[in-house]
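protein01.csv follows; it contains CSV, C-alpha atoms and all ligand atoms.
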```
chain,number,residue,atom,x,y,z
P,30,MET,CA,102.5,108.9,198.8
P,31,ASN,CA,103.8,108.0,195.4
P,32,GLY,CA,107.6,108.0,195.8
P,33,ARG,CA,110.0,106.2,198.0
P,34,GLU,CA,108.0,107.1,201.1
P,35,GLY,CA,105.1,105.2,199.5
P,36,LEU,CA,107.3,102.2,199.2
P,37,SER,CA,108.2,102.2,202.9
P,38,SER,CA,104.7,103.0,204.0
P,39,VAL,CA,103.4,99.9,202.1
P,40,ALA,CA,106.2,97.8,203.6
P,41,ALA,CA,105.3,98.9,207.1
P,42,ALA,CA,101.6,98.2,206.5
P,43,LEU,CA,102.4,94.7,205.2
P,44,ARG,CA,104.3,94.1,208.5
P,45,ARG,CA,101.6,95.6,210.7
P,46,TYR,CA,98.6,93.3,209.9
P,47,ARG,CA,98.2,89.6,210.2
P,48,ARG,CA,95.5,88.4,207.8
P,49,PHE,CA,95.4,89.6,204.2
P,50,ILE,CA,93.4,89.3,201.0
P,51,VAL,CA,95.4,90.1,197.8
P,52,THR,CA,93.4,91.0,194.7
P,53,SER,CA,93.5,92.8,191.3
P,54,HIS,CA,91.3,94.0,188.4
P,55,VAL,CA,88.6,92.4,186.2
P,56,HIS,CA,89.9,90.8,183.0
P,57,PRO,CA,93.2,89.9,184.8
P,58,ASP,CA,96.2,90.1,182.5
P,59,GLY,CA,99.8,88.9,183.0
P,60,ASP,CA,100.7,91.8,185.3
P,61,ALA,CA,97.6,91.3,187.5
P,62,VAL,CA,98.1,87.6,187.9
P,63,GLY,CA,101.9,87.8,188.2
P,64,SER,CA,101.6,90.6,190.8
P,65,VAL,CA,98.9,88.9,192.9
P,66,LEU,CA,101.1,85.8,193.0
P,67,ALA,CA,104.2,87.8,193.9
P,68,MET,CA,102.4,89.7,196.6
P,69,GLY,CA,101.0,86.4,198.0
P,70,TRP,CA,104.6,85.1,198.2
P,71,ILE,CA,105.8,88.3,199.9
P,72,LEU,CA,103.2,88.0,202.6
P,73,ARG,CA,103.9,84.3,203.2
P,74,GLN,CA,107.6,85.2,203.5
P,75,LEU,CA,106.5,87.7,206.2
P,76,ARG,CA,104.6,84.8,207.9
P,77,LYS,CA,101.2,86.3,207.3
P,78,GLU,CA,97.9,84.5,206.5
P,79,VAL,CA,96.9,85.3,203.0
P,80,ARG,CA,94.2,84.5,200.5
P,81,LEU,CA,94.5,85.4,196.8
P,82,LEU,CA,91.2,86.5,195.2
P,83,LEU,CA,90.5,87.5,191.6
P,84,PRO,CA,87.3,88.7,190.0
P,85,GLU,CA,87.6,86.1,187.2
P,86,ARG,CA,89.5,82.9,186.7
P,87,VAL,CA,93.1,83.0,185.5
P,88,PRO,CA,93.3,83.2,181.7
P,89,ALA,CA,94.7,80.0,180.1
P,90,ALA,CA,97.9,81.8,179.0
P,91,TYR,CA,98.9,82.3,182.6
P,92,THR,CA,97.9,79.0,184.2
P,93,PHE,CA,101.6,78.0,183.9
P,94,LEU,CA,102.5,80.5,186.6
P,95,PRO,CA,103.7,78.7,189.8
P,96,GLY,CA,101.1,79.0,192.5
P,97,GLN,CA,98.2,80.1,190.3
P,98,GLU,CA,96.2,77.2,191.7
P,99,LEU,CA,96.0,79.1,195.0
P,100,ILE,CA,94.0,81.9,193.4
P,101,GLU,CA,90.3,81.9,194.3
P,102,VAL,CA,87.7,83.4,192.0
P,103,ALA,CA,85.0,85.8,193.2
P,104,GLY,CA,82.8,85.7,190.0
P,105,PRO,CA,80.2,83.1,189.1
P,106,ALA,CA,82.7,80.3,190.1
P,107,GLY,CA,83.2,81.8,193.5
P,108,PRO,CA,81.6,81.2,196.9
P,109,ALA,CA,77.8,80.5,196.7
P,110,GLU,CA,75.3,83.0,198.0
P,111,ASP,CA,73.5,82.1,201.2
P,112,ALA,CA,69.7,82.1,201.8
P,113,GLU,CA,69.6,85.9,202.0
P,114,GLY,CA,71.5,86.2,198.7
P,115,GLU,CA,74.6,87.4,200.5
P,116,ARG,CA,78.0,86.1,199.9
P,117,PRO,CA,80.2,85.3,202.9
P,118,LEU,CA,82.7,88.1,203.6
P,119,TRP,CA,86.3,87.1,203.7
P,120,PRO,CA,87.8,87.8,207.1
P,121,ALA,CA,90.9,89.9,206.7
P,122,GLU,CA,92.4,92.9,208.4
P,123,ALA,CA,93.9,94.3,205.2
P,124,VAL,CA,93.3,94.0,201.5
P,125,VAL,CA,96.2,94.5,199.2
P,126,VAL,CA,95.1,95.8,195.8
P,127,VAL,CA,97.7,95.4,193.1
P,128,ASP,CA,97.7,96.7,189.5
P,129,CYS,CA,94.2,98.3,189.9
P,130,SER,CA,93.3,102.0,189.8
P,131,ASP,CA,89.9,102.0,191.5
P,132,ALA,CA,87.4,99.9,193.5
P,133,ASP,CA,85.0,99.5,190.5
P,134,ARG,CA,87.7,97.6,188.6
P,135,LEU,CA,87.6,95.0,191.3
P,136,GLY,CA,84.2,93.8,190.0
P,137,PRO,CA,82.6,91.0,192.1
P,138,VAL,CA,85.5,91.1,194.5
P,139,GLN,CA,84.2,94.3,196.0
P,140,LYS,CA,81.3,92.5,197.7
P,141,LEU,CA,83.5,90.0,199.3
P,142,LEU,CA,85.8,92.4,201.1
P,143,PRO,CA,85.3,93.1,204.9
P,144,PRO,CA,84.1,96.7,205.2
P,145,GLY,CA,86.5,97.6,208.0
P,146,ALA,CA,89.7,96.2,206.3
P,147,ALA,CA,92.6,98.5,205.6
P,148,VAL,CA,93.4,98.9,201.9
P,149,ILE,CA,97.0,98.8,200.7
P,150,THR,CA,97.7,99.6,197.1
P,151,VAL,CA,100.6,99.0,194.7
P,152,ASP,CA,99.9,100.2,191.2
P,153,HIS,CA,101.3,102.0,188.1
P,154,HIS,CA,98.0,103.3,186.5
P,155,LEU,CA,97.4,107.0,186.0
P,156,GLN,CA,94.7,108.4,188.3
P,157,ASN,CA,94.8,105.8,191.0
P,158,GLU,CA,91.9,106.5,193.3
P,159,PHE,CA,92.9,104.4,196.4
P,160,GLY,CA,94.1,106.2,199.5
P,161,GLU,CA,97.1,105.6,201.8
P,162,PRO,CA,99.1,103.5,202.3
P,163,ARG,CA,99.9,103.2,198.7
P,164,TYR,CA,102.9,102.9,196.4
P,165,VAL,CA,101.9,104.3,193.0
P,166,ARG,CA,104.5,105.1,190.3
P,167,THR,CA,103.1,105.7,186.9
P,168,GLU,CA,106.5,105.5,185.1
P,169,ALA,CA,106.8,101.9,186.2
P,170,ALA,CA,106.2,99.6,183.2
P,171,ALA,CA,104.4,97.1,185.3
P,172,THR,CA,103.2,96.6,188.8
P,173,GLY,CA,105.6,93.7,188.8
P,174,GLU,CA,108.4,96.3,188.7
P,175,LEU,CA,107.1,97.9,191.9
P,176,LEU,CA,106.8,94.6,193.6
P,177,TYR,CA,110.4,93.8,192.7
P,178,GLU,CA,111.4,97.1,194.5
P,179,LEU,CA,109.2,96.2,197.5
P,180,ILE,CA,110.9,92.8,197.8
P,181,ARG,CA,114.2,94.6,197.9
P,182,GLU,CA,112.9,97.1,200.4
P,183,LEU,CA,111.7,94.2,202.6
P,184,GLY,CA,115.1,92.4,202.3
P,185,LEU,CA,113.5,89.2,200.9
P,186,GLN,CA,115.5,86.7,198.8
P,187,LEU,CA,113.5,86.1,195.5
P,188,ASP,CA,113.1,82.5,194.4
P,189,CYS,CA,112.8,81.4,190.8
P,190,ASP,CA,109.0,80.8,190.9
P,191,THR,CA,108.3,84.3,192.1
P,192,ALA,CA,110.8,85.7,189.7
P,193,THR,CA,108.9,84.0,186.9
P,194,CYS,CA,105.7,85.7,188.0
P,195,LEU,CA,107.4,89.1,188.0
P,196,TYR,CA,109.1,88.5,184.7
P,197,THR,CA,105.7,87.5,183.1
P,198,ALA,CA,104.2,90.8,184.5
P,199,LEU,CA,107.1,92.8,182.9
P,200,LEU,CA,107.0,90.9,179.6
P,201,THR,CA,103.2,91.3,179.1
P,202,ASP,CA,102.7,94.9,180.3
P,203,THR,CA,105.6,96.0,177.9
P,204,GLY,CA,104.3,94.1,174.9
P,205,SER,CA,107.5,91.9,175.1
P,206,PHE,CA,109.6,94.9,176.0
P,207,ARG,CA,108.5,96.8,172.9
P,208,PHE,CA,106.2,99.6,174.3
P,209,ALA,CA,107.3,103.1,175.2
P,210,ASN,CA,107.0,102.2,179.0
P,211,THR,CA,110.1,99.9,178.7
P,212,THR,CA,113.0,101.6,180.5
P,213,ALA,CA,116.6,100.7,181.4
P,214,GLU,CA,115.2,99.9,184.9
P,215,THR,CA,112.7,97.5,183.4
P,216,LEU,CA,115.5,95.6,181.6
P,217,HIS,CA,117.8,95.7,184.6
P,218,ILE,CA,115.1,94.0,186.7
P,219,ALA,CA,114.3,91.5,183.9
P,220,ALA,CA,118.1,90.7,183.7
P,221,ASP,CA,118.1,90.1,187.5
P,222,LEU,CA,115.1,87.8,187.2
P,223,LEU,CA,117.0,85.8,184.6
P,224,HIS,CA,119.9,85.5,187.0
P,225,LEU,CA,117.4,83.9,189.4
P,226,GLY,CA,116.7,81.2,186.9
P,227,VAL,CA,113.7,82.5,184.8
P,228,SER,CA,113.7,81.0,181.3
P,229,PRO,CA,112.5,83.8,178.9
P,230,SER,CA,111.9,81.3,176.1
P,231,CYS,CA,109.7,79.1,178.3
P,232,VAL,CA,107.7,82.1,179.5
P,233,ALA,CA,107.3,83.5,176.0
P,234,GLU,CA,106.2,80.1,174.7
P,235,GLN,CA,103.5,79.7,177.4
P,236,VAL,CA,102.2,83.3,177.1
P,237,TYR,CA,102.3,83.7,173.3
P,238,ASP,CA,102.7,80.4,171.5
P,239,VAL,CA,100.2,78.0,173.1
P,240,ARG,CA,96.9,79.2,171.8
P,241,PRO,CA,93.6,77.4,171.2
P,242,LEU,CA,92.7,77.0,167.5
P,243,GLY,CA,89.6,79.2,168.2
P,244,ALA,CA,91.8,82.1,169.2
P,245,LEU,CA,93.4,82.2,165.7
P,246,ARG,CA,90.0,81.8,164.0
P,247,LEU,CA,88.8,84.7,166.1
P,248,LEU,CA,91.8,86.8,165.1
P,249,ALA,CA,91.1,86.0,161.4
P,250,GLU,CA,87.5,87.1,161.7
P,251,ALA,CA,88.4,90.3,163.6
P,252,LEU,CA,91.1,91.2,161.1
P,253,ALA,CA,88.6,90.9,158.3
P,254,THR,CA,86.7,93.8,159.8
P,255,LEU,CA,89.7,96.2,159.6
P,256,ARG,CA,88.8,99.8,158.7
P,257,VAL,CA,90.9,102.9,158.3
P,258,THR,CA,89.8,106.5,158.2
P,259,PRO,CA,90.4,108.4,154.9
P,260,CYS,CA,93.3,110.3,156.6
P,261,GLY,CA,94.9,107.0,157.5
P,262,ARG,CA,95.5,108.0,161.1
P,263,VAL,CA,92.8,105.9,162.9
P,264,ALA,CA,92.3,102.2,162.3
P,265,TRP,CA,89.9,99.9,164.1
P,266,LEU,CA,88.6,96.3,164.3
P,267,GLU,CA,85.1,95.2,165.3
P,268,MET,CA,83.8,92.1,167.1
P,269,ASP,CA,80.2,91.3,167.6
P,270,GLU,CA,78.7,89.8,170.7
P,271,GLY,CA,78.5,86.3,169.4
P,272,MET,CA,82.1,86.1,168.0
P,273,LEU,CA,83.7,84.6,171.2
P,274,GLU,CA,81.0,82.0,171.5
P,275,ARG,CA,81.3,81.1,167.8
P,276,HIS,CA,85.0,80.2,168.3
P,277,GLY,CA,84.6,78.7,171.7
P,278,VAL,CA,87.0,81.1,173.4
P,279,ASP,CA,86.7,83.5,176.3
P,280,ALA,CA,87.4,87.2,176.4
P,281,SER,CA,91.0,86.9,177.4
P,282,GLU,CA,91.7,85.7,173.9
P,283,THR,CA,90.9,89.1,172.5
P,284,GLU,CA,93.9,90.5,174.3
P,285,GLY,CA,96.5,91.8,171.8
P,286,ILE,CA,94.1,91.8,168.8
P,287,VAL,CA,93.8,95.6,169.1
P,288,ASN,CA,97.6,96.0,168.5
P,289,TYR,CA,97.1,94.9,164.8
P,290,ALA,CA,95.1,98.1,164.2
P,291,ARG,CA,97.9,100.3,165.4
P,292,THR,CA,100.5,98.4,163.4
P,293,ILE,CA,99.6,100.0,160.1
P,294,ALA,CA,102.0,102.7,158.8
P,295,GLY,CA,100.7,106.1,159.4
P,296,VAL,CA,98.1,105.0,162.0
P,297,LYS,CA,98.4,107.0,165.3
P,298,ILE,CA,95.5,105.4,167.2
P,299,GLY,CA,94.2,101.9,166.9
P,300,ALA,CA,91.0,100.5,168.4
P,301,LEU,CA,89.1,97.3,169.0
P,302,PHE,CA,85.3,97.8,169.4
P,303,ARG,CA,83.7,94.7,170.9
P,304,GLY,CA,80.0,94.3,171.5
P,305,VAL,CA,79.4,93.0,175.1
P,306,GLY,CA,75.7,93.6,175.2
P,307,PRO,CA,72.9,94.7,172.9
P,308,SER,CA,73.7,98.3,173.7
P,309,LEU,CA,77.2,98.2,175.2
P,310,THR,CA,80.6,98.3,173.4
P,311,ARG,CA,83.9,97.7,175.1
P,312,VAL,CA,86.7,99.6,173.5
P,313,SER,CA,90.5,99.0,173.7
P,314,TRP,CA,92.7,101.8,172.5
P,315,ARG,CA,96.4,101.7,171.5
P,316,SER,CA,98.4,104.7,170.3
P,317,ARG,CA,101.8,105.7,169.1
P,318,PRO,CA,104.0,107.8,171.4
P,319,GLY,CA,102.7,111.4,171.7
P,320,TYR,CA,99.1,110.4,171.4
P,321,ASP,CA,97.3,110.0,174.8
P,322,VAL,CA,94.6,107.4,174.8
P,323,ALA,CA,94.2,107.4,178.6
P,324,ARG,CA,92.7,110.9,178.1
P,325,LEU,CA,90.6,109.7,175.1
P,326,ALA,CA,89.3,106.7,177.1
P,327,GLY,CA,88.6,109.1,180.0
P,328,ARG,CA,86.1,111.0,177.8
P,329,PHE,CA,84.0,107.9,177.9
P,330,GLY,CA,84.5,107.2,181.6
P,331,GLY,CA,87.4,104.8,181.1
P,332,GLY,CA,91.2,105.1,181.6
P,333,GLY,CA,94.5,103.2,181.6
P,334,HIS,CA,97.9,104.2,180.3
P,335,VAL,CA,99.0,106.9,177.9
P,336,ASN,CA,99.5,104.4,175.0
P,337,ALA,CA,97.1,101.6,176.1
P,338,ALA,CA,93.7,102.3,177.6
P,339,GLY,CA,90.1,101.1,177.6
P,340,CYS,CA,86.5,102.2,178.1
P,341,ASP,CA,82.9,101.1,177.7
P,342,ILE,CA,80.5,103.0,175.4
P,343,PRO,CA,76.8,102.5,176.1
P,344,LEU,CA,75.9,102.1,172.4
P,345,PRO,CA,75.7,99.3,169.9
P,346,VAL,CA,78.9,98.7,168.0
P,347,PRO,CA,78.2,100.7,164.9
P,348,GLU,CA,77.2,103.8,166.9
P,349,ALA,CA,80.1,103.3,169.3
P,350,VAL,CA,82.5,103.1,166.3
P,351,LYS,CA,81.1,106.5,165.1
P,352,ALA,CA,81.5,108.2,168.5
P,353,GLY,CA,84.9,106.6,169.2
P,354,VAL,CA,86.5,107.2,165.9
P,355,ALA,CA,85.3,110.8,165.9
P,356,ALA,CA,86.8,111.3,169.4
P,357,ALA,CA,90.1,109.6,168.3
P,358,LEU,CA,90.4,111.9,165.2
P,359,ALA,CA,89.8,115.0,167.5
P,360,ALA,CA,92.5,113.8,169.9
P,361,ILE,CA,94.9,113.4,167.0
P,362,ARG,CA,94.1,116.8,165.6
P,363,GLU,CA,94.8,118.3,169.0
P,364,VAL,CA,98.4,117.0,168.7
P,365,ASP,CA,99.0,117.3,165.0
P,366,GLY,CA,97.2,120.7,164.7
P,367,SER,CA,95.3,119.6,161.6
N,401,MN,MN,99.8,96.6,184.8
```
Translate this file's structure into structure tokens.
Amino acid sequence: MNGREGLSSVAAALRRYRRFIVTSHVHPDGDAVGSVLAMGWILRQLRKEVRLLLPERVPAAYTFLPGQELIEVAGPAGPAEDAEGERPLWPAEAVVVVDCSDADRLGPVQKLLPPGAAVITVDHHLQNEFGEPRYVRTEAAATGELLYELIRELGLQLDCDTATCLYTALLTDTGSFRFANTTAETLHIAADLLHLGVSPSCVAEQVYDVRPLGALRLLAEALATLRVTPCGRVAWLEMDEGMLERHGVDASETEGIVNYARTIAGVKIGALFRGVGPSLTRVSWRSRPGYDVARLAGRFGGGGHVNAAGCDIPLPVPEAVKAGVAAALAAIREVDGS
């Protein structure tokens, strides 16, 4: 169920069970972290036992979020394997998956989930593969928007800390309320969150303006690779495997770099090709309204949103660039007709 019935079925499921795990996708972003924290708060308000679990640690930009210290990590920093090489399962009757379209995107979290647990989903991605109960609304700018509705549905009184988590989810998934997914509803919710005491300047400062020096050096090196096709409609940036290490930053600092490729006048699709292995390239896609990069990413087994998507291409960067740029040009020709 994707509409209002989905909302009440999720609310009922949250009331039904007692012990929960709340989790989200690999490479957690502001919406993932903010939504996990907000869902944790909702469950505590309902007097449930809850553990928050992410596949990777919270990126530095989001460590200002209230309650983030409660998030446990399933990856290398998570619980140790026992003698049989098994990791202890987390006892829970239900797993709440927020802002995540399929089980593969849970990464190392998958192995820690009790097999019999019910799965409850709240998400806004296209092609969400989880079953009922679920509340999926793809027009929502952020999962944070859906959690705001859920909080209303449950009749809970939002506090300033949780409002800050939801505001951060909205802010980051809309590119600071600039992307095409920003609606009147998004801004109404944001306004209500400000009424609850959220400081937009403090959140923006923490998210965008407290960066390690290495992140700026990384950006400079990535921008130096900028290329544009002769027709001027596709632009892309490249990063080699050693780039992050050279600047002493983690992958979360690559977030947003792809947007520079799409900024150029005339460019319809921008991309960032990042080598993550000798024969594996991670691609982030951004597009202008009217050009569907979720479908483009889907051709390589990835997905996401219409104007922001990602995929992995099992090729070294130069070959992945060839394949990716050709596919992007083909996608543009389908729309433009030439
Ligand atoms: Mn999201």
Handout entry: Using all atoms listed in the file: which of P:Glu98, P:Leu195, P:Leu82, P:Ala337 has the shortest distance to Leu141 in chain P
Key =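 Using all atoms listed in the file, the shortest distance to Leu141 in chain P belongs to P:Leu82.
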Problem - Pick from P:Ala89, P:Val127, P:Ala146, P:Leu43 nearest to ligand MN 401 (chain N), counting all atoms listed in the file - result: P:Val127
Problem - Nearby residues (all atoms listed in the file) at most 7 Å from Gly304 in chain P, same-chain spacing under 5 positions excluded, as a list in words - result: Met268, Asp269, Glu270, Leu309, Thr310, Arg311, Pro345 and Val346 of chain P
List as a short mmCIF file (atom, residue, chain, number, x, y, z; two decimals) with C-alpha atoms, in the coordinates of the input the protein and nucleic acid residues lying within 8 Å of ligand MN 401 (chain N), with all atoms listed in the file counted.
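Done, and the output landed in pocket-v1.cif:
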```
data_model
loop_
_atom_site.label_atom_id
_atom_site.label_comp_id
_atom_site.auth_asym_id
_atom_site.auth_seq_id
_atom_site.Cartn_x
_atom_site.Cartn_y
_atom_site.Cartn_z
CA ASP P 58 96.20 90.10 182.50
CA GLY P 59 99.80 88.90 183.00
CA ASP P 60 100.70 91.80 185.30
CA ALA P 61 97.60 91.30 187.50
CA ASP P 128 97.70 96.70 189.50
CA CYS P 129 94.20 98.30 189.90
CA ASP P 152 99.90 100.20 191.20
CA HIS P 153 101.30 102.00 188.10
CA HIS P 154 98.00 103.30 186.50
CA ALA P 170 106.20 99.60 183.20
CA ALA P 171 104.40 97.10 185.30
CA THR P 172 103.20 96.60 188.80
CA GLY P 173 105.60 93.70 188.80
CA ALA P 198 104.20 90.80 184.50
CA ASP P 202 102.70 94.90 180.30
#
```
Exercise for the section: Could you give me, as a PyMOL selection string, the residues within 12 Å of Thr292 in chain P, counting only C-alpha atoms and dropping anything in the same chain fewer than 2 positions from it? Expected result: chain P and resi 255+257+261-265+285-290+294-300+315-317
Selection from above, C-alpha atoms, as a PDB file, in the coordinates of the input, can you write it?
```pdb
ATOM      1  CA  LEU P 255      89.700  96.200 159.600  1.00  0.00           C
ATOM      2  CA  VAL P 257      90.900 102.900 158.300  1.00  0.00           C
ATOM      3  CA  GLY P 261      94.900 107.000 157.500  1.00  0.00           C
ATOM      4  CA  ARG P 262      95.500 108.000 161.100  1.00  0.00           C
ATOM      5  CA  VAL P 263      92.800 105.900 162.900  1.00  0.00           C
ATOM      6  CA  ALA P 264      92.300 102.200 162.300  1.00  0.00           C
ATOM      7  CA  TRP P 265      89.900  99.900 164.100  1.00  0.00           C
ATOM      8  CA  GLY P 285      96.500  91.800 171.800  1.00  0.00           C
ATOM      9  CA  ILE P 286      94.100  91.800 168.800  1.00  0.00           C
ATOM     10  CA  VAL P 287      93.800  95.600 169.100  1.00  0.00           C
ATOM     11  CA  ASN P 288      97.600  96.000 168.500  1.00  0.00           C
ATOM     12  CA  TYR P 289      97.100  94.900 164.800  1.00  0.00           C
ATOM     13  CA  ALA P 290      95.100  98.100 164.200  1.00  0.00           C
ATOM     14  CA  ALA P 294     102.000 102.700 158.800  1.00  0.00           C
ATOM     15  CA  GLY P 295     100.700 106.100 159.400  1.00  0.00           C
ATOM     16  CA  VAL P 296      98.100 105.000 162.000  1.00  0.00           C
ATOM     17  CA  LYS P 297      98.400 107.000 165.300  1.00  0.00           C
ATOM     18  CA  ILE P 298      95.500 105.400 167.200  1.00  0.00           C
ATOM     19  CA  GLY P 299      94.200 101.900 166.900  1.00  0.00           C
ATOM     20  CA  ALA P 300      91.000 100.500 168.400  1.00  0.00           C
ATOM     21  CA  ARG P 315      96.400 101.700 171.500  1.00  0.00           C
ATOM     22  CA  SER P 316      98.400 104.700 170.300  1.00  0.00           C
ATOM     23  CA  ARG P 317     101.800 105.700 169.100  1.00  0.00           C
TER      24      ARG P 317
END
```
Problem - Pick from P:Leu266, P:Leu358, P:Ser281, P:Val364, whichever lies nearest to Pro241 in chain P using all atoms listed in the file - result: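 Of the candidates, the smallest distance to Pro241 in chain P is held by P:Ser281.
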Extract range 299-316 of chain P from the structure I just pasted (atoms: N, CA and C atoms) and return it as a PDB file, in the first residue's frame.
```pdb
ATOM      1  N   GLY P 299      24.740  15.196 -15.607  1.00  0.00           N
ATOM      2  CA  GLY P 299      26.087  15.265 -15.043  1.00  0.00           C
ATOM      3  C   GLY P 299      26.392  13.970 -14.327  1.00  0.00           C
ATOM      4  N   ALA P 300      27.660  13.599 -14.278  1.00  0.00           N
ATOM      5  CA  ALA P 300      28.033  12.341 -13.630  1.00  0.00           C
ATOM      6  C   ALA P 300      29.362  12.463 -12.906  1.00  0.00           C
ATOM      7  N   LEU P 301      29.496  11.630 -11.891  1.00  0.00           N
ATOM      8  CA  LEU P 301      30.791  11.456 -11.223  1.00  0.00           C
ATOM      9  C   LEU P 301      31.131   9.972 -11.305  1.00  0.00           C
ATOM     10  N   PHE P 302      32.277   9.667 -11.902  1.00  0.00           N
ATOM     11  CA  PHE P 302      32.760   8.283 -12.016  1.00  0.00           C
ATOM     12  C   PHE P 302      33.882   8.109 -11.003  1.00  0.00           C
ATOM     13  N   ARG P 303      33.662   7.230 -10.029  1.00  0.00           N
ATOM     14  CA  ARG P 303      34.666   7.053  -8.980  1.00  0.00           C
ATOM     15  C   ARG P 303      35.129   5.598  -8.931  1.00  0.00           C
ATOM     16  N   GLY P 304      36.400   5.386  -9.127  1.00  0.00           N
ATOM     17  CA  GLY P 304      36.966   4.035  -9.049  1.00  0.00           C
ATOM     18  C   GLY P 304      36.911   3.552  -7.612  1.00  0.00           C
ATOM     19  N   VAL P 305      36.279   2.387  -7.386  1.00  0.00           N
ATOM     20  CA  VAL P 305      36.224   1.842  -6.023  1.00  0.00           C
ATOM     21  C   VAL P 305      36.924   0.491  -5.962  1.00  0.00           C
ATOM     22  N   GLY P 306      37.451   0.040  -7.084  1.00  0.00           N
ATOM     23  CA  GLY P 306      38.209  -1.207  -7.149  1.00  0.00           C
ATOM     24  C   GLY P 306      38.910  -1.211  -8.484  1.00  0.00           C
ATOM     25  N   PRO P 307      39.830  -2.170  -8.707  1.00  0.00           N
ATOM     26  CA  PRO P 307      40.573  -2.178  -9.964  1.00  0.00           C
ATOM     27  C   PRO P 307      39.646  -2.285 -11.174  1.00  0.00           C
ATOM     28  N   SER P 308      38.488  -2.931 -10.997  1.00  0.00           N
ATOM     29  CA  SER P 308      37.580  -3.085 -12.121  1.00  0.00           C
ATOM     30  C   SER P 308      36.146  -2.772 -11.704  1.00  0.00           C
ATOM     31  N   LEU P 309      36.000  -1.734 -10.907  1.00  0.00           N
ATOM     32  CA  LEU P 309      34.658  -1.360 -10.450  1.00  0.00           C
ATOM     33  C   LEU P 309      34.574   0.160 -10.299  1.00  0.00           C
ATOM     34  N   THR P 310      33.562   0.730 -10.941  1.00  0.00           N
ATOM     35  CA  THR P 310      33.393   2.181 -10.911  1.00  0.00           C
ATOM     36  C   THR P 310      32.004   2.521 -10.386  1.00  0.00           C
ATOM     37  N   ARG P 311      31.974   3.382  -9.383  1.00  0.00           N
ATOM     38  CA  ARG P 311      30.693   3.842  -8.816  1.00  0.00           C
ATOM     39  C   ARG P 311      30.305   5.145  -9.515  1.00  0.00           C
ATOM     40  N   VAL P 312      29.080   5.187 -10.016  1.00  0.00           N
ATOM     41  CA  VAL P 312      28.654   6.362 -10.773  1.00  0.00           C
ATOM     42  C   VAL P 312      27.487   7.057 -10.075  1.00  0.00           C
ATOM     43  N   SER P 313      27.617   8.362  -9.881  1.00  0.00           N
ATOM     44  CA  SER P 313      26.485   9.182  -9.421  1.00  0.00           C
ATOM     45  C   SER P 313      25.993   9.981 -10.613  1.00  0.00           C
ATOM     46  N   TRP P 314      24.682  10.010 -10.770  1.00  0.00           N
ATOM     47  CA  TRP P 314      24.075  10.743 -11.885  1.00  0.00           C
ATOM     48  C   TRP P 314      23.205  11.875 -11.361  1.00  0.00           C
ATOM     49  N   ARG P 315      23.238  13.025 -12.038  1.00  0.00           N
ATOM     50  CA  ARG P 315      22.315  14.121 -11.750  1.00  0.00           C
ATOM     51  C   ARG P 315      21.781  14.637 -13.080  1.00  0.00           C
ATOM     52  N   SER P 316      20.504  15.018 -13.094  1.00  0.00           N
ATOM     53  CA  SER P 316      19.948  15.502 -14.355  1.00  0.00           C
ATOM     54  C   SER P 316      19.052  16.703 -14.143  1.00  0.00           C
TER      55      SER P 316
END
```
